[in-house]
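File shown: start.tsv. Contents: TSV, C-alpha atoms and all ligand atoms.
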chain	number	residue	atom	x	y	z
A	67	MET	CA	0.00	0.00	0.00
A	68	SER	CA	1.31	3.47	-0.84
A	69	GLU	CA	2.22	6.10	1.71
A	70	CYS	CA	-0.37	8.75	2.53
A	71	VAL	CA	-0.25	12.11	0.76
A	72	PHE	CA	-3.21	14.03	2.23
A	73	GLU	CA	-1.43	16.22	4.77
A	74	SER	CA	-4.32	17.57	6.84
A	75	LEU	CA	-7.86	18.85	6.69
A	76	GLU	CA	-6.63	22.18	8.06
A	77	ASN	CA	-4.09	22.66	5.25
A	78	THR	CA	-6.74	22.00	2.64
A	79	LEU	CA	-9.19	24.43	4.25
A	80	GLU	CA	-6.49	27.13	4.48
A	81	THR	CA	-5.56	26.59	0.83
A	82	TYR	CA	-8.97	26.56	-0.78
A	83	ILE	CA	-11.46	28.43	1.41
A	84	PRO	CA	-11.62	32.20	0.80
A	85	ASP	CA	-10.52	34.29	3.80
A	86	ALA	CA	-13.96	35.86	4.10
A	87	GLU	CA	-15.51	32.47	4.89
A	88	LEU	CA	-12.60	30.70	6.54
A	89	GLY	CA	-13.23	32.38	9.91
A	90	GLU	CA	-16.85	31.21	10.03
A	91	ILE	CA	-15.94	27.72	8.87
A	92	LYS	CA	-13.29	27.44	11.57
A	93	ARG	CA	-15.68	28.76	14.23
A	94	ILE	CA	-18.25	26.13	13.32
A	95	LEU	CA	-15.73	23.29	12.98
A	96	TYR	CA	-13.33	24.17	15.79
A	97	GLY	CA	-15.18	26.47	18.23
A	98	ASN	CA	-13.61	29.60	19.74
A	99	GLU	CA	-10.49	30.56	17.84
A	100	LEU	CA	-7.36	29.69	19.78
A	101	ARG	CA	-4.39	31.99	20.02
A	102	LYS	CA	-1.19	30.48	18.65
A	103	LEU	CA	1.40	29.86	21.34
A	104	THR	CA	4.59	31.83	20.81
A	105	LEU	CA	7.29	29.19	20.81
A	106	PRO	CA	11.01	29.78	21.38
A	107	GLN	CA	13.04	30.08	18.17
A	108	THR	CA	15.45	27.42	19.46
A	109	ALA	CA	12.54	24.99	19.68
A	110	LEU	CA	11.29	25.84	16.19
A	111	ASP	CA	14.81	25.42	14.80
A	112	ALA	CA	15.27	22.10	16.58
A	113	ALA	CA	11.94	20.79	15.25
A	114	LEU	CA	12.96	21.74	11.73
A	115	GLU	CA	16.34	20.11	12.11
A	116	LYS	CA	14.91	16.95	13.65
A	117	ASP	CA	12.16	16.82	11.04
A	118	PHE	CA	8.95	17.01	13.05
A	119	VAL	CA	6.03	19.40	13.10
A	120	LEU	CA	5.80	21.71	16.12
A	121	GLN	CA	2.60	23.60	16.86
A	122	GLY	CA	1.25	25.33	19.94
A	123	TYR	CA	-2.12	26.77	20.97
A	124	VAL	CA	-3.55	28.54	23.99
A	125	PHE	CA	-6.88	27.65	25.61
A	126	GLU	CA	-7.83	30.67	27.68
A	127	ALA	CA	-10.32	30.99	30.51
A	128	ALA	CA	-12.04	34.15	31.73
A	129	PRO	CA	-10.34	35.95	34.63
A	130	GLU	CA	-11.97	35.16	37.99
A	131	GLN	CA	-12.10	37.24	41.17
A	132	LEU	CA	-11.22	34.53	43.67
A	133	ARG	CA	-9.11	32.04	41.77
A	134	ALA	CA	-5.84	32.65	40.00
A	135	PRO	CA	-5.53	31.09	36.53
A	136	ARG	CA	-4.33	27.46	36.64
A	137	VAL	CA	-2.14	27.33	33.61
A	138	VAL	CA	-0.49	24.10	32.50
A	139	ARG	CA	1.25	23.13	29.28
A	140	VAL	CA	0.67	19.70	27.82
A	141	GLY	CA	2.66	18.08	25.01
A	142	LEU	CA	1.30	15.38	22.68
A	143	ILE	CA	3.85	13.39	20.70
A	144	GLN	CA	3.02	11.39	17.57
A	145	ASN	CA	5.69	9.50	15.69
A	146	LYS	CA	6.47	6.83	13.13
A	147	ILE	CA	8.38	3.75	14.08
A	148	ILE	CA	12.06	4.08	13.19
A	149	LEU	CA	13.39	0.66	12.23
A	150	PRO	CA	11.77	-2.10	10.18
A	151	THR	CA	9.56	-4.33	12.30
A	152	ASP	CA	11.94	-7.28	11.84
A	153	ALA	CA	14.96	-5.43	13.27
A	154	PRO	CA	16.20	-6.75	16.63
A	155	VAL	CA	13.78	-5.90	19.44
A	156	LEU	CA	16.21	-3.92	21.56
A	157	ASP	CA	17.41	-1.91	18.55
A	158	GLN	CA	13.80	-0.95	17.80
A	159	ILE	CA	13.18	0.13	21.39
A	160	ILE	CA	16.40	2.12	21.62
A	161	ALA	CA	15.70	3.86	18.28
A	162	LEU	CA	12.26	4.92	19.54
A	163	HIS	CA	13.71	6.10	22.86
A	164	LYS	CA	16.17	8.25	20.93
A	165	ARG	CA	13.51	9.72	18.64
A	166	VAL	CA	10.97	10.45	21.35
A	167	GLY	CA	13.75	11.69	23.65
A	168	GLU	CA	14.73	14.37	21.16
A	169	ILE	CA	11.10	15.49	20.80
A	170	VAL	CA	10.75	15.63	24.61
A	171	GLU	CA	13.82	17.84	24.72
A	172	VAL	CA	12.02	20.34	22.47
A	173	ALA	CA	8.90	20.03	24.64
A	174	ALA	CA	11.07	21.00	27.60
A	175	ILE	CA	12.38	24.08	25.79
A	176	CYS	CA	8.72	25.03	25.25
A	177	GLY	CA	7.93	24.73	28.97
A	178	VAL	CA	5.76	21.61	28.73
A	179	ASN	CA	4.64	20.30	32.14
A	180	ILE	CA	2.97	17.03	31.11
A	181	VAL	CA	3.84	15.01	28.02
A	182	CYS	CA	2.01	11.97	26.67
A	183	PHE	CA	3.30	9.50	24.07
A	184	GLN	CA	1.25	7.36	21.68
A	185	GLU	CA	-0.15	3.94	22.61
A	186	ALA	CA	2.49	1.17	22.89
A	187	TRP	CA	5.08	3.72	21.89
A	188	THR	CA	8.15	1.49	22.22
A	189	MET	CA	7.09	-0.94	19.50
A	190	PRO	CA	5.35	-1.40	16.18
A	191	PHE	CA	1.61	-1.97	16.59
A	192	ALA	CA	2.10	-5.66	15.97
A	193	PHE	CA	-1.06	-7.00	17.60
A	194	CYS	CA	-2.63	-7.36	14.15
A	195	THR	CA	-0.35	-10.34	13.50
A	196	ARG	CA	-1.54	-12.48	16.44
A	197	GLU	CA	1.99	-13.92	16.53
A	198	ARG	CA	3.66	-14.21	19.93
A	199	GLU	CA	7.28	-13.79	18.94
A	200	PRO	CA	8.95	-11.42	18.85
A	201	TRP	CA	6.22	-9.03	19.95
A	202	THR	CA	5.83	-10.25	23.53
A	203	GLU	CA	9.52	-9.48	23.99
A	204	PHE	CA	8.65	-5.78	23.83
A	205	ALA	CA	6.77	-6.12	27.14
A	206	GLU	CA	8.39	-4.49	30.17
A	207	SER	CA	7.72	-3.95	33.83
A	208	ALA	CA	5.69	-0.77	34.42
A	209	GLU	CA	7.50	-0.08	37.68
A	210	ASP	CA	11.03	-1.11	36.85
A	211	GLY	CA	11.41	-1.61	33.09
A	212	PHE	CA	14.01	-0.20	30.72
A	213	THR	CA	11.51	2.27	29.28
A	214	THR	CA	10.22	3.40	32.65
A	215	HIS	CA	13.82	4.09	33.75
A	216	PHE	CA	14.30	6.08	30.55
A	217	CYS	CA	11.17	8.14	31.30
A	218	GLN	CA	12.18	8.66	34.92
A	219	LYS	CA	15.44	10.25	33.80
A	220	LEU	CA	13.63	12.54	31.36
A	221	ALA	CA	10.96	13.47	33.90
A	222	LYS	CA	13.51	14.46	36.50
A	223	LYS	CA	15.77	16.26	34.04
A	224	TYR	CA	12.94	18.34	32.59
A	225	ASN	CA	10.66	18.58	35.64
A	226	MET	CA	7.93	17.05	33.48
A	227	VAL	CA	5.20	14.51	34.14
A	228	ILE	CA	5.47	11.74	31.54
A	229	VAL	CA	2.63	9.49	30.44
A	230	SER	CA	4.27	6.44	28.89
A	231	PRO	CA	1.90	3.87	27.33
A	232	ILE	CA	3.69	0.53	26.97
A	233	LEU	CA	3.11	-3.18	26.63
A	234	GLU	CA	3.43	-4.21	30.27
A	235	ARG	CA	4.65	-7.51	31.65
A	236	ASP	CA	3.36	-8.05	35.18
A	237	GLU	CA	5.82	-10.46	36.80
A	238	ILE	CA	3.91	-10.49	40.09
A	239	HIS	CA	0.87	-11.96	38.36
A	240	GLY	CA	2.35	-14.78	36.29
A	241	GLY	CA	4.11	-12.60	33.74
A	242	THR	CA	0.78	-11.51	32.26
A	243	LEU	CA	0.68	-8.83	29.59
A	244	TRP	CA	-1.30	-5.62	29.77
A	245	ASN	CA	-1.76	-2.51	27.69
A	246	THR	CA	-0.69	0.03	30.27
A	247	ALA	CA	0.08	3.71	30.67
A	248	VAL	CA	2.80	4.41	33.22
A	249	VAL	CA	2.57	7.83	34.83
A	250	VAL	CA	5.93	9.19	35.93
A	251	SER	CA	5.87	12.20	38.21
A	252	ASN	CA	8.00	15.26	37.47
A	253	THR	CA	10.08	14.23	40.48
A	254	GLY	CA	11.08	11.10	38.58
A	255	THR	CA	9.14	8.65	40.72
A	256	VAL	CA	6.60	6.28	39.22
A	257	LEU	CA	3.25	7.68	40.33
A	258	GLY	CA	1.37	4.63	39.10
A	259	LYS	CA	-0.16	2.89	36.13
A	260	SER	CA	-3.49	2.73	34.37
A	261	ARG	CA	-4.51	-0.20	32.20
A	262	LYS	CA	-6.56	-0.16	29.02
A	263	ASN	CA	-10.17	-0.89	29.92
A	264	HIS	CA	-11.60	-1.75	26.52
A	265	ILE	CA	-9.80	-4.15	24.19
A	266	PRO	CA	-10.75	-3.88	20.52
A	267	ARG	CA	-12.16	-6.73	18.54
A	268	VAL	CA	-12.49	-4.88	15.27
A	269	GLY	CA	-10.76	-5.22	11.92
A	270	ASP	CA	-7.06	-6.03	12.32
A	271	PHE	CA	-6.99	-4.86	15.93
A	272	ASN	CA	-6.65	-8.34	17.39
A	273	GLU	CA	-5.38	-7.15	20.74
A	274	SER	CA	-7.41	-9.58	22.81
A	275	THR	CA	-4.89	-12.21	21.71
A	276	TYR	CA	-2.30	-10.51	23.92
A	277	TYR	CA	-3.96	-8.98	26.97
A	278	MET	CA	-7.23	-8.74	28.82
A	279	GLU	CA	-9.38	-5.82	29.87
A	280	GLY	CA	-7.63	-3.65	32.47
A	281	ASN	CA	-8.19	-3.95	36.21
A	282	THR	CA	-7.14	-0.51	37.41
A	283	ASP	CA	-10.66	0.94	37.13
A	284	HIS	CA	-10.77	4.67	36.39
A	285	ARG	CA	-7.70	5.78	38.27
A	286	VAL	CA	-6.82	9.46	38.38
A	287	PHE	CA	-3.32	10.75	39.11
A	288	GLN	CA	-2.88	13.85	41.22
A	289	THR	CA	0.17	15.59	39.73
A	290	GLN	CA	1.74	18.91	40.51
A	291	PHE	CA	0.11	20.20	37.31
A	292	GLY	CA	-3.42	18.91	37.76
A	293	LYS	CA	-5.40	15.70	38.02
A	294	ILE	CA	-4.87	13.51	34.97
A	295	ALA	CA	-6.22	10.22	33.67
A	296	VAL	CA	-5.40	7.97	30.72
A	297	ASN	CA	-8.16	6.50	28.59
A	298	ILE	CA	-6.21	4.24	26.25
A	299	CYS	CA	-7.26	4.10	22.58
A	300	TYR	CA	-10.41	2.00	22.12
A	301	GLY	CA	-11.78	3.39	25.38
A	302	ARG	CA	-12.55	6.59	23.51
A	303	HIS	CA	-15.52	4.89	21.83
A	304	HIS	CA	-17.08	4.37	25.26
A	305	PRO	CA	-18.68	7.52	26.68
A	306	LEU	CA	-19.07	5.90	30.10
A	307	ASN	CA	-15.35	5.25	30.25
A	308	TRP	CA	-14.61	8.96	29.83
A	309	LEU	CA	-17.39	9.75	32.30
A	310	MET	CA	-15.90	7.58	35.00
A	311	TYR	CA	-12.45	9.21	34.78
A	312	SER	CA	-14.22	12.51	35.12
A	313	MET	CA	-16.26	11.21	38.07
A	314	HIS	CA	-12.97	10.49	39.82
A	315	GLY	CA	-11.93	14.08	39.25
A	316	ALA	CA	-9.81	14.05	36.09
A	317	GLU	CA	-9.13	17.52	34.76
A	318	ILE	CA	-7.19	16.34	31.71
A	319	ILE	CA	-7.81	12.95	30.11
A	320	PHE	CA	-5.16	11.66	27.71
A	321	ASN	CA	-6.16	9.25	24.96
A	322	PRO	CA	-3.02	7.62	23.57
A	323	SER	CA	-4.11	5.71	20.48
A	324	ALA	CA	-3.14	3.66	17.46
A	325	THR	CA	-5.77	3.78	14.78
A	326	VAL	CA	-6.01	3.78	11.00
A	327	GLY	CA	-7.85	5.86	8.44
A	328	ALA	CA	-10.09	3.26	6.86
A	329	LEU	CA	-11.43	2.25	10.26
A	330	SER	CA	-11.85	5.32	12.44
A	331	GLU	CA	-10.93	8.63	10.87
A	332	PRO	CA	-14.48	10.03	10.68
A	333	LEU	CA	-14.92	9.22	14.39
A	334	TRP	CA	-11.59	10.69	15.48
A	335	SER	CA	-12.43	14.38	15.62
A	336	ILE	CA	-15.72	13.74	17.40
A	337	GLU	CA	-15.12	11.33	20.25
A	338	ALA	CA	-12.45	12.96	22.41
A	339	ARG	CA	-13.95	16.36	21.72
A	340	ASN	CA	-17.40	15.25	22.75
A	341	ALA	CA	-15.90	13.77	25.91
A	342	ALA	CA	-14.32	17.12	26.80
A	343	ILE	CA	-17.67	18.86	26.37
A	344	ALA	CA	-19.76	16.25	28.17
A	345	ASN	CA	-17.39	15.94	31.13
A	346	HIS	CA	-16.23	19.54	31.62
A	347	CYS	CA	-12.57	18.62	31.21
A	348	PHE	CA	-9.73	18.74	28.68
A	349	THR	CA	-9.03	15.74	26.47
A	350	CYS	CA	-5.86	15.01	24.48
A	351	ALA	CA	-6.14	12.55	21.60
A	352	ILE	CA	-2.85	11.15	20.27
A	353	ASN	CA	-2.46	8.84	17.30
A	354	ARG	CA	0.61	7.25	15.78
A	355	VAL	CA	1.54	8.08	12.22
A	356	GLY	CA	2.74	6.27	9.10
A	357	MET	CA	2.74	2.73	7.77
A	358	GLU	CA	4.08	-0.34	9.58
A	359	TYR	CA	4.87	-3.46	7.58
A	360	PHE	CA	5.06	-6.97	8.99
A	361	LYS	CA	7.02	-9.78	7.42
A	362	ASN	CA	4.30	-12.42	7.72
A	363	GLU	CA	0.92	-11.82	6.18
A	364	PHE	CA	-2.13	-11.88	8.42
A	365	THR	CA	-5.91	-11.97	8.06
A	366	SER	CA	-8.60	-10.93	10.48
A	367	GLY	CA	-11.62	-13.02	9.60
A	368	ASP	CA	-13.23	-10.17	7.68
A	369	GLY	CA	-12.93	-11.50	4.15
A	370	LYS	CA	-10.01	-9.26	3.27
A	371	LYS	CA	-7.03	-10.75	1.45
A	372	ALA	CA	-4.03	-11.58	3.62
A	373	HIS	CA	-1.95	-8.45	4.03
A	374	HIS	CA	1.26	-7.13	5.61
A	375	ASP	CA	0.05	-3.87	7.13
A	376	PHE	CA	-2.78	-2.19	9.01
A	377	GLY	CA	-3.19	0.65	6.55
A	378	TYR	CA	-2.28	4.22	7.38
A	379	PHE	CA	-1.95	5.56	10.92
A	380	TYR	CA	-3.19	9.09	10.35
A	381	GLY	CA	-1.68	11.09	13.21
A	382	SER	CA	-3.98	14.14	13.59
A	383	SER	CA	-3.41	14.40	17.34
A	384	TYR	CA	-5.41	17.21	18.94
A	385	VAL	CA	-6.55	18.79	22.19
A	386	ALA	CA	-10.18	19.54	23.02
A	387	ALA	CA	-11.56	21.81	25.72
A	388	PRO	CA	-14.73	21.71	27.83
A	389	ASP	CA	-16.14	24.76	26.02
A	390	GLY	CA	-16.18	22.77	22.75
A	391	SER	CA	-13.14	24.44	21.24
A	392	ARG	CA	-10.34	22.28	19.88
A	393	SER	CA	-6.91	22.70	18.43
A	394	PRO	CA	-6.21	21.91	14.81
A	395	GLY	CA	-4.93	18.39	14.33
A	396	LEU	CA	-1.24	17.70	13.86
A	397	SER	CA	-0.11	16.43	10.48
A	398	ARG	CA	-1.56	13.20	9.03
A	399	THR	CA	1.83	12.27	7.63
A	400	GLN	CA	4.65	13.56	9.83
A	401	ASP	CA	5.99	13.15	13.32
A	402	GLY	CA	4.85	15.98	15.54
A	403	LEU	CA	4.69	17.70	18.89
A	404	LEU	CA	1.49	19.52	19.75
A	405	ILE	CA	1.72	21.86	22.70
A	406	ALA	CA	-1.37	23.27	24.36
A	407	GLU	CA	-1.45	25.77	27.15
A	408	LEU	CA	-4.56	25.07	29.19
A	409	ASP	CA	-6.14	27.21	31.87
A	410	LEU	CA	-7.80	24.52	33.96
A	411	ASN	CA	-10.21	27.13	35.33
A	412	LEU	CA	-12.10	26.62	32.07
A	413	ASN	CA	-13.36	23.29	33.42
A	414	GLN	CA	-15.33	24.85	36.26
A	415	GLN	CA	-16.38	27.79	34.12
A	416	SER	CA	-17.84	25.41	31.53
A	417	ALA	CA	-19.47	23.34	34.27
A	418	ASP	CA	-21.07	26.45	35.77
A	419	LYS	CA	-22.38	27.46	32.35
A	420	TRP	CA	-23.73	24.15	31.09
A	421	ASN	CA	-24.29	22.27	34.36
A	422	PHE	CA	-23.96	18.79	32.89
A	423	LYS	CA	-22.69	17.39	36.17
A	424	MET	CA	-25.61	19.01	37.98
A	425	THR	CA	-28.28	18.05	35.45
A	426	GLY	CA	-26.93	14.54	34.82
A	427	ARG	CA	-29.33	11.98	36.31
A	428	TYR	CA	-26.64	9.73	37.74
A	429	GLU	CA	-28.82	8.00	40.33
A	430	LEU	CA	-31.29	7.18	37.60
A	431	TYR	CA	-28.58	5.87	35.27
A	432	ALA	CA	-26.96	3.90	38.10
A	433	LYS	CA	-30.28	2.31	39.06
A	434	GLU	CA	-31.24	1.42	35.50
A	435	LEU	CA	-27.75	0.20	34.58
A	436	ALA	CA	-27.75	-2.01	37.65
A	437	GLN	CA	-31.01	-3.49	36.38
A	438	ALA	CA	-29.83	-3.72	32.75
A	439	VAL	CA	-26.86	-5.95	33.62
A	440	GLN	CA	-29.09	-8.51	35.37
A	441	HIS	CA	-29.90	-11.64	33.41
A	442	ASP	CA	-33.63	-11.16	34.00
A	443	PHE	CA	-33.62	-7.50	32.87
A	444	LYS	CA	-36.85	-6.41	31.22
A	445	PRO	CA	-36.42	-3.39	28.89
A	446	ASN	CA	-38.85	-0.57	29.75
A	447	ILE	CA	-40.82	-0.66	26.51
A	448	VAL	CA	-44.43	0.33	26.26
A	449	LYS	CA	-46.35	-1.64	23.67
A	450	GLU	CA	-49.81	-1.04	22.31
B	501	LIG	N1	-5.45	0.48	19.55
B	501	LIG	C1	-6.76	0.38	19.47
B	501	LIG	O1	-7.44	0.15	20.45
B	501	LIG	N2	-7.28	0.53	18.23
B	501	LIG	C2	-8.60	0.16	17.92
B	501	LIG	C3	-9.12	0.91	16.77
B	501	LIG	C4	-9.77	2.18	17.15
B	501	LIG	O2	-10.20	2.34	18.29
B	501	LIG	O3	-9.90	3.05	16.29
Could you spell out this file's structure in structure tokens?
Amino acid sequence: MSECVFESLENTLETYIPDAELGEIKRILYGNELRKLTLPQTALDAALEKDFVLQGYVFEAAPEQLRAPRVVRVGLIQNKIILPTDAPVLDQIIALHKRVGEIVEVAAICGVNIVCFQEAWTMPFAFCTREREPWTEFAESAEDGFTTHFCQKLAKKYNMVIVSPILERDEIHGGTLWNTAVVVSNTGTVLGKSRKNHIPRVGDFNESTYYMEGNTDHRVFQTQFGKIAVNICYGRHHPLNWLMYSMHGAEIIFNPSATVGALSEPLWSIEARNAAIANHCFTCAINRVGMEYFKNEFTSGDGKKAHHDFGYFYGSSYVAAPDGSRSPGLSRTQDGLLIAELDLNLNQQSADKWNFKMTGRYELYAKELAQAVQHDFKPNIVKE
């Protein structure tokens, strides 16, 4: 399959829509216009030299009388894999560490407080193959693995919280595998981990061959820069999953993902954004980018011919705010770092305006859901 050439929706709009209408189109598609973040020239130069896109936006909140602004900078990193998928495992991991490390360095120059990488960032997204070897060799301890040590060093060096989604091997529980985000505090200590709650069974995403649904519930991490949660990839299709992170107090929910154009692109711009609106919080959707080829062909029981790749990972990482505004997406074709400056006061301001938490009928939902999961549930349908 050929590489992707369509760079981004935003580029096409900018190129073809007349200025007079572009403003209105952007307002309708993206909400309140965001100010561009002024980024240091050294960072812009480094991004150019290292060949990745660097963009920054500011999500402002109204000044308040009693609360100071709560400003935090988040960084979203999307990247291609570096080496072919049949290169030695450790070489692949080290090459990704090097690549992501140099992007984190630029994030640090830009004053980023919390950075999040893409899903299973230390490896190709090999779960389509359903083969064990060599993919299970990419699994590492969340608390004490090579990659976690790497992130701890970066976190301490740059005073940055790092969200590092990896394939986890849990030695304490029989060496089981999990799809896990490790949250490393800016002090360099491992704050904890959050496991993927929803495992896809769609198309080539045969992840249930490798790991089971997570058992860390809807954990929220209190960091120096705000309360954060990680809703890994497929969880973004589940509104109740977002809701529960928000119920536990998440102010920013990261959604590290790996998804391809033919499957999910029309859903991409809607789901994380809707979650930000519905839950009065910020959401950060991150997708990997590029093509990944696997030596052995695979099929997925969907009638498609055996193939060597997933199709195109379309990048397009973005940040969405509780007032419905969102940043433009990063490139569909290139590595990138998206920086967003968030005033977390916008969460409460949006909540006070729209009152979704107040008007939500949670007792009603809880009661009816409790009934709906019973085997003798009778749907409340009135018939003539
Ligand atoms: N990684 C993952 O869960 N992908 C599933 C496909 C999708 O959610 O778009």
Check: In Å, how far is it from CA of Ala316 in chain A to CA of Arg133 in chain A?
Finding: 18.9 Å
Checklist line | Distance filter 6 Å around ligand LIG 501 (chain B), atoms: only C-alpha atoms and all ligand atoms, out as a PyMOL selection string | finding: chain A and resi 266+271+299-300+323-325+330
Next item on the list: Counting only C-alpha atoms, figure out which residue out of A:Asn179, A:Ser207, A:Thr242, A:Ser312 gets nearest to Tyr224 in chain A.
Entry: A:Asn179
Next item on the list: Mind giving me the straight-line distance from CA of Gly377 in chain A to CA of Glu331 in chain A in Å, one decimal?
Entry: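 Those two atoms sit 11.9 Å apart.
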Next item on the list: Mind listing whatever residues come within 6 Å of the point (9.1, 21.8, 19.9)? Use all atoms listed in the file, file coordinates, and give them as a ChimeraX atom specification.
Entry: /A:109-110,113,120,172-173
Margin query: Within 7 Å of (3.8, 11.8, 34.0) (file coordinates; all atoms listed in the file), which protein or nucleic acid residues are there? I'd like them as a VMD selection string.
Written below: chain A and resid 180 to 181 226 to 229 249 to 252
Next item on the list: Rank A:Gly167, A:Arg198, A:Glu237, A:Leu75 by their smallest atom-to-atom distance to Pro332 in chain A, using only C-alpha atoms, and report the top residue only.
Entry: A:Leu75
Next item on the list: Mind checking which residues fall within 12 Å of Arg196 in chain A, counting all atoms listed in the file, ignoring those fewer than 2 positions away in the same chain, and posting them as a PyMOL selection string?
Entry: chain A and resi 191-194+198-202+270-277+360+362-366
Margin query: Which residue is closest to Pro305 in chain A? Choose from A:His239, A:Arg339, A:His215, A:Lys371 and count all atoms listed in the file.
Written below: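 For Pro305 in chain A, the nearest of the given residues is A:Arg339.
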Next item on the list: Could you please determine the separation between CA of Arg101 in chain A and CA of Ala387 in chain A in Å, to one decimal place?
Entry: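 Value for the CA of Arg101 in chain A-CA of Ala387 in chain A distance: 13.7 Å.
Nearest residue to Leu403 in chain A among A:Leu79, A:Ile91, A:Ala112, A:Leu162 is A:Ala112, counting all atoms listed in the file.
Within 12 Å of range 417-420 of chain A, once only C-alpha atoms are used and residues closer than 2 positions along the same chain are dropped, the contacting residues are Glu317, Ala342, Ile343, Ala344, Asn345, His346, Cys347, Ala387, Pro388, Asp389, Gly390, Leu410, Asn411, Leu412, Asn413, Gln414, Gln415, Phe422, Lys423, Met424, Thr425 and Gly426 of chain A.
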Note to self: So that I can see what lies close to Lys102 in chain A, please list as a PyMOL selection string the residues with an atom at most 10 Å from it, counting only C-alpha atoms and leaving out residues fewer than 6 positions away in the same chain.
What the structure shows: chain A and resi 121-125+393+405-407
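Using only C-alpha atoms, the smallest distance between any of A:Leu220, A:Cys182, A:Val326, A:Leu243 and Ile352 in chain A comes from A:Cys182.
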Enclose all atoms of range 271-280 of chain A listed in the file in an axis-aligned box, grow every side by 4 Å, and hand back centre and edge lengths in Å to one decimal, as JSON.
{"center_x": -5.8, "center_y": -7.9, "center_z": 24.2, "size_x": 15.1, "size_y": 16.6, "size_z": 24.5}
